[in-house]
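Here's model-v7.cif, which has mmCIF, C-alpha atoms:
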data_input
#
loop_
_atom_site.label_atom_id
_atom_site.label_comp_id
_atom_site.auth_asym_id
_atom_site.auth_seq_id
_atom_site.Cartn_x
_atom_site.Cartn_y
_atom_site.Cartn_z
CA MET A 57 -60.20 46.88 45.16
CA THR A 58 -58.65 50.27 45.88
CA THR A 59 -57.93 51.47 49.39
CA HIS A 60 -58.18 55.22 49.88
CA THR A 61 -56.69 56.95 52.89
CA GLY A 62 -58.76 59.65 54.54
CA TRP A 63 -57.88 63.32 54.70
CA GLN A 64 -54.76 63.72 56.81
CA GLY A 65 -54.62 67.51 56.97
CA ARG A 66 -52.20 70.04 55.58
CA TYR A 67 -48.49 70.14 56.17
CA TYR A 68 -46.36 73.28 56.26
CA GLU A 69 -45.65 73.07 52.50
CA ASP A 70 -49.41 73.16 51.77
CA PHE A 71 -49.96 76.66 53.17
CA VAL A 72 -49.85 79.59 50.73
CA VAL A 73 -50.24 83.18 51.91
CA GLY A 74 -53.65 84.45 50.83
CA ASP A 75 -55.32 81.05 50.63
CA VAL A 76 -58.76 80.87 52.26
CA PHE A 77 -60.09 77.65 53.76
CA GLU A 78 -63.86 77.38 54.12
CA HIS A 79 -64.08 74.87 56.96
CA PRO A 80 -66.55 72.09 56.14
CA LEU A 81 -68.44 71.61 59.39
CA GLY A 82 -71.04 73.95 60.84
CA ARG A 83 -72.61 73.59 64.28
CA THR A 84 -75.86 74.73 65.83
CA VAL A 85 -75.31 75.81 69.45
CA THR A 86 -77.74 74.32 71.94
CA THR A 87 -78.84 75.38 75.41
CA THR A 88 -77.06 72.32 76.79
CA ASP A 89 -73.79 73.31 75.06
CA ASN A 90 -73.95 76.77 76.59
CA ILE A 91 -74.85 75.67 80.12
CA TRP A 92 -72.42 72.74 80.27
CA PHE A 93 -69.49 74.72 78.90
CA THR A 94 -70.25 77.61 81.27
CA MET A 95 -70.42 75.29 84.27
CA LEU A 96 -67.34 73.26 83.22
CA THR A 97 -65.28 76.46 83.08
CA GLN A 98 -66.74 77.78 86.35
CA ASN A 99 -68.05 80.93 84.71
CA THR A 100 -70.57 82.34 87.18
CA ALA A 101 -72.15 84.98 84.90
CA PRO A 102 -75.90 84.21 84.99
CA LEU A 103 -76.30 85.71 81.52
CA HIS A 104 -75.14 82.33 80.16
CA PHE A 105 -77.20 79.86 82.21
CA ASP A 106 -80.12 81.63 83.93
CA HIS A 107 -82.86 82.16 81.34
CA GLU A 108 -84.98 84.32 83.68
CA TYR A 109 -82.03 86.61 84.43
CA ALA A 110 -81.11 86.79 80.72
CA ARG A 111 -84.74 87.61 79.81
CA ARG A 112 -84.39 90.85 81.81
CA THR A 113 -81.28 92.00 79.89
CA GLU A 114 -81.29 94.00 76.66
CA PHE A 115 -80.71 90.74 74.78
CA GLY A 116 -83.83 89.12 76.22
CA LYS A 117 -82.24 85.67 76.15
CA PRO A 118 -79.00 83.95 77.19
CA LEU A 119 -75.78 84.85 75.45
CA VAL A 120 -73.55 81.96 74.46
CA ASN A 121 -70.35 81.91 76.49
CA SER A 122 -67.75 83.66 74.31
CA THR A 123 -65.04 81.15 75.16
CA PHE A 124 -67.36 78.40 73.86
CA THR A 125 -67.55 80.35 70.59
CA LEU A 126 -63.75 80.59 70.50
CA SER A 127 -63.39 76.88 71.18
CA LEU A 128 -66.01 75.90 68.60
CA VAL A 129 -64.55 78.01 65.80
CA ALA A 130 -60.98 76.96 66.62
CA GLY A 131 -62.15 73.36 66.54
CA GLN A 132 -63.87 73.84 63.18
CA SER A 133 -60.54 75.01 61.75
CA VAL A 134 -58.52 71.94 62.80
CA THR A 135 -59.32 69.90 59.68
CA ASP A 136 -57.79 72.54 57.42
CA VAL A 137 -55.28 74.37 59.60
CA SER A 138 -53.92 72.33 62.49
CA GLN A 139 -54.49 68.64 61.84
CA ASN A 140 -50.67 68.30 61.71
CA VAL A 141 -49.82 70.81 64.42
CA PHE A 142 -46.81 70.44 66.68
CA ALA A 143 -47.92 73.30 68.96
CA ASN A 144 -50.00 76.46 69.12
CA LEU A 145 -47.71 79.46 69.63
CA GLY A 146 -50.28 82.14 70.32
CA TRP A 147 -53.69 83.69 69.86
CA GLU A 148 -54.01 87.41 69.16
CA ASP A 149 -56.58 90.03 68.30
CA ILE A 150 -59.63 88.07 69.42
CA THR A 151 -62.75 90.14 68.73
CA LEU A 152 -66.44 89.37 69.16
CA PRO A 153 -68.29 91.69 66.74
CA SER A 154 -71.78 90.14 67.19
CA PRO A 155 -73.36 88.04 69.94
CA VAL A 156 -74.09 84.33 69.63
CA PHE A 157 -77.36 82.98 70.99
CA GLU A 158 -78.58 79.45 71.61
CA GLY A 159 -79.93 78.16 68.29
CA ASP A 160 -77.41 80.03 66.13
CA THR A 161 -75.49 77.94 63.60
CA ILE A 162 -71.79 78.77 63.28
CA HIS A 163 -69.52 78.20 60.27
CA SER A 164 -65.95 79.39 59.88
CA ARG A 165 -63.10 80.10 57.49
CA SER A 166 -59.38 80.81 57.83
CA THR A 167 -57.05 82.93 55.71
CA VAL A 168 -53.31 82.25 55.64
CA LEU A 169 -51.49 85.46 56.64
CA ARG A 170 -47.85 84.37 56.97
CA THR A 171 -45.61 81.33 56.65
CA ARG A 172 -41.94 80.86 57.45
CA GLU A 173 -39.50 78.09 58.21
CA SER A 174 -38.86 77.53 61.89
CA ALA A 175 -35.45 78.95 62.85
CA SER A 176 -34.90 76.40 65.63
CA ARG A 177 -36.75 73.30 64.37
CA PRO A 178 -35.91 72.32 60.78
CA THR A 179 -38.78 69.81 60.56
CA LEU A 180 -41.40 72.47 61.30
CA GLY A 181 -42.78 75.66 59.82
CA VAL A 182 -44.58 78.61 61.40
CA VAL A 183 -48.03 79.40 60.01
CA THR A 184 -50.24 82.35 60.96
CA VAL A 185 -53.93 82.41 60.05
CA ARG A 186 -56.88 84.74 60.63
CA THR A 187 -60.02 82.77 61.45
CA THR A 188 -63.56 84.14 61.29
CA GLY A 189 -66.71 82.53 62.64
CA VAL A 190 -70.06 83.56 61.15
CA LYS A 191 -73.61 82.73 62.11
CA GLN A 192 -76.47 81.84 59.80
CA THR A 193 -77.26 85.52 59.16
CA GLY A 194 -73.78 86.04 57.71
CA GLU A 195 -72.70 88.21 60.65
CA ALA A 196 -69.18 87.64 61.97
CA VAL A 197 -69.34 86.53 65.59
CA ILE A 198 -65.64 86.01 66.30
CA GLU A 199 -62.31 86.75 64.65
CA PHE A 200 -58.85 85.83 65.84
CA THR A 201 -55.29 85.41 64.65
CA ARG A 202 -53.51 82.18 65.53
CA THR A 203 -49.86 81.24 65.04
CA LEU A 204 -48.80 77.62 65.14
CA LEU A 205 -45.94 75.25 64.42
CA VAL A 206 -46.88 72.75 61.70
CA TYR A 207 -44.97 69.64 60.72
CA LYS A 208 -43.29 69.56 57.34
CA ARG A 209 -44.31 66.67 55.10
CA GLY A 210 -42.71 63.41 56.20
CA HIS A 211 -41.73 64.66 59.67
CA GLY A 212 -44.88 64.29 61.77
CA PRO A 213 -46.00 61.38 63.93
CA ARG A 214 -47.65 59.69 60.93
CA ARG A 215 -45.34 57.40 58.97
CA THR A 216 -44.99 58.48 55.35
CA THR A 217 -44.54 56.01 52.49
CA GLY A 218 -44.13 57.86 49.23
CA THR A 219 -46.99 60.34 48.91
CA GLU A 220 -49.42 58.25 50.99
CA GLU A 221 -49.98 58.78 54.68
CA THR A 222 -50.56 55.81 56.97
CA ALA A 223 -51.47 55.82 60.62
#
Is it possible to give me this structure as structure tokens?
Amino acid sequence: MTTHTGWQGRYYEDFVVGDVFEHPLGRTVTTTDNIWFTMLTQNTAPLHFDHEYARRTEFGKPLVNSTFTLSLVAGQSVTDVSQNVFANLGWEDITLPSPVFEGDTIHSRSTVLRTRESASRPTLGVVTVRTTGVKQTGEAVIEFTRTLLVYKRGHGPRRTTGTEETA
């Protein structure tokens, strides 16, 4: 019998400028997602949770809370980009080129923009990516740049034995 370890994410050495990661999981946004997230974050804009109000806007239906879209797409990127993160350093240039509505299905991808060794932490590297979320029509719904500190191989919380990773 062979035991296979599951995907453990990328380490600093695995990032190459120009690489594109098509993140594997998509997600259809529901009415419940939109209302719960809006209420949890105390966003009082009725455009997100009052269907009658939203019906009277130019959209004719509720808009999905844009910070939900940011959270969803950032979460979709974790498997490929930040599974071995030490810390997020910043988010920049967040744009929302098209609206998201309840029922839209979102997929995402990230492109590696920059990598460098950390000047102050020799066991870490700095990685900058540009992440784009798209809905089922192919329209981009969010884009942002994120910079993070990523563990170098053998230096994260997971114990390393040879080339295998164990929890």
Just say which residues the PyMOL selection byres ((chain A and resi 95-107) around 12) picks in this file, as a PyMOL selection string. chain A and resi 86-94+108-124+155-158
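Among A:Asp70, A:Asp160, A:Glu173, A:Asp136, the residue with the shortest atom-to-atom distance to A:Glu195, counting all atoms listed in the file, is A:Asp160.
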Axis-aligned box over every listed atom of stretch 175-187 of chain A, padded by 6 Å per side: centre and edges in Å to one decimal, as lines of an AutoDock Vina configuration file?
center_x = -47.5
center_y = 77.3
center_z = 62.7
size_x = 37.1
size_y = 26.9
size_z = 17.8
What is the distance, in Å and to one decimal place, between atom CA of A:Thr135 and atom CA of A:His79? 7.4 Å
I'd like the neighbourhood of A:Arg170 as a PyMOL selection string, where a residue qualifies if any of its atoms comes within 9 Å (using all atoms listed in the file), though same-chain residues fewer than 4 positions away should be ignored. chain A and resi 71-74+182-185+203
Measuring between all atoms listed in the file, which one of A:Gly65, A:Pro80, A:Gly189, A:Gly210 shows the shortest distance to A:Thr151?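 For A:Thr151, the nearest of the candidates is A:Gly189.
Once stretch 175-181 of chain A and its same-chain neighbours fewer than 5 positions away are set aside, Arg66, Tyr67, Tyr68, Glu69, Asp70, Phe71, Ser138, Asn140, Val141, Phe142, Ala143, Asn144, Leu145, Arg170, Thr203, Leu204, Leu205, Val206, Tyr207, Lys208, Arg209, Gly210, His211, Gly212 and Pro213 of chain A remain within 12 Å of it when counting only C-alpha atoms.
Across the structure, atom CA of A:Thr171 and atom CA of A:Gln64 are spaced 19.8 Å apart.
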Please evaluate the PyMOL selection byres ((chain A and resi 150) around 9) against the structure above and give the resulting residues as a ChimeraX atom specification. /A:126,147-149,151-152,198-201
Using all atoms listed in the file, can you tell me which of A:Val129, A:Ile162, A:Val190, A:Val168 comes closest to A:Thr84?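 Closest candidate: A:Ile162.
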For a test of reading the model, state the distance in Å between atom CA of A:Gly131 and atom CA of A:Ser174, rounded to one decimal.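 One can read the atom CA of A:Gly131 to atom CA of A:Ser174 distance as 24.1 Å.
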Tell me, as an mmCIF file with C-alpha atoms, keeping the file's coordinate frame, which residues lie within 8 Å of A:Phe77, counting only C-alpha atoms; anything in the same chain fewer than 5 positions away does not count.
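The resulting file, around21.cif, is reproduced below:
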data_model
loop_
_atom_site.group_PDB
_atom_site.id
_atom_site.type_symbol
_atom_site.label_atom_id
_atom_site.label_comp_id
_atom_site.auth_asym_id
_atom_site.auth_seq_id
_atom_site.Cartn_x
_atom_site.Cartn_y
_atom_site.Cartn_z
ATOM 1 C CA ASP A 136 -57.790 72.540 57.420
ATOM 2 C CA ARG A 165 -63.100 80.100 57.490
ATOM 3 C CA SER A 166 -59.380 80.810 57.830
ATOM 4 C CA THR A 167 -57.050 82.930 55.710
#
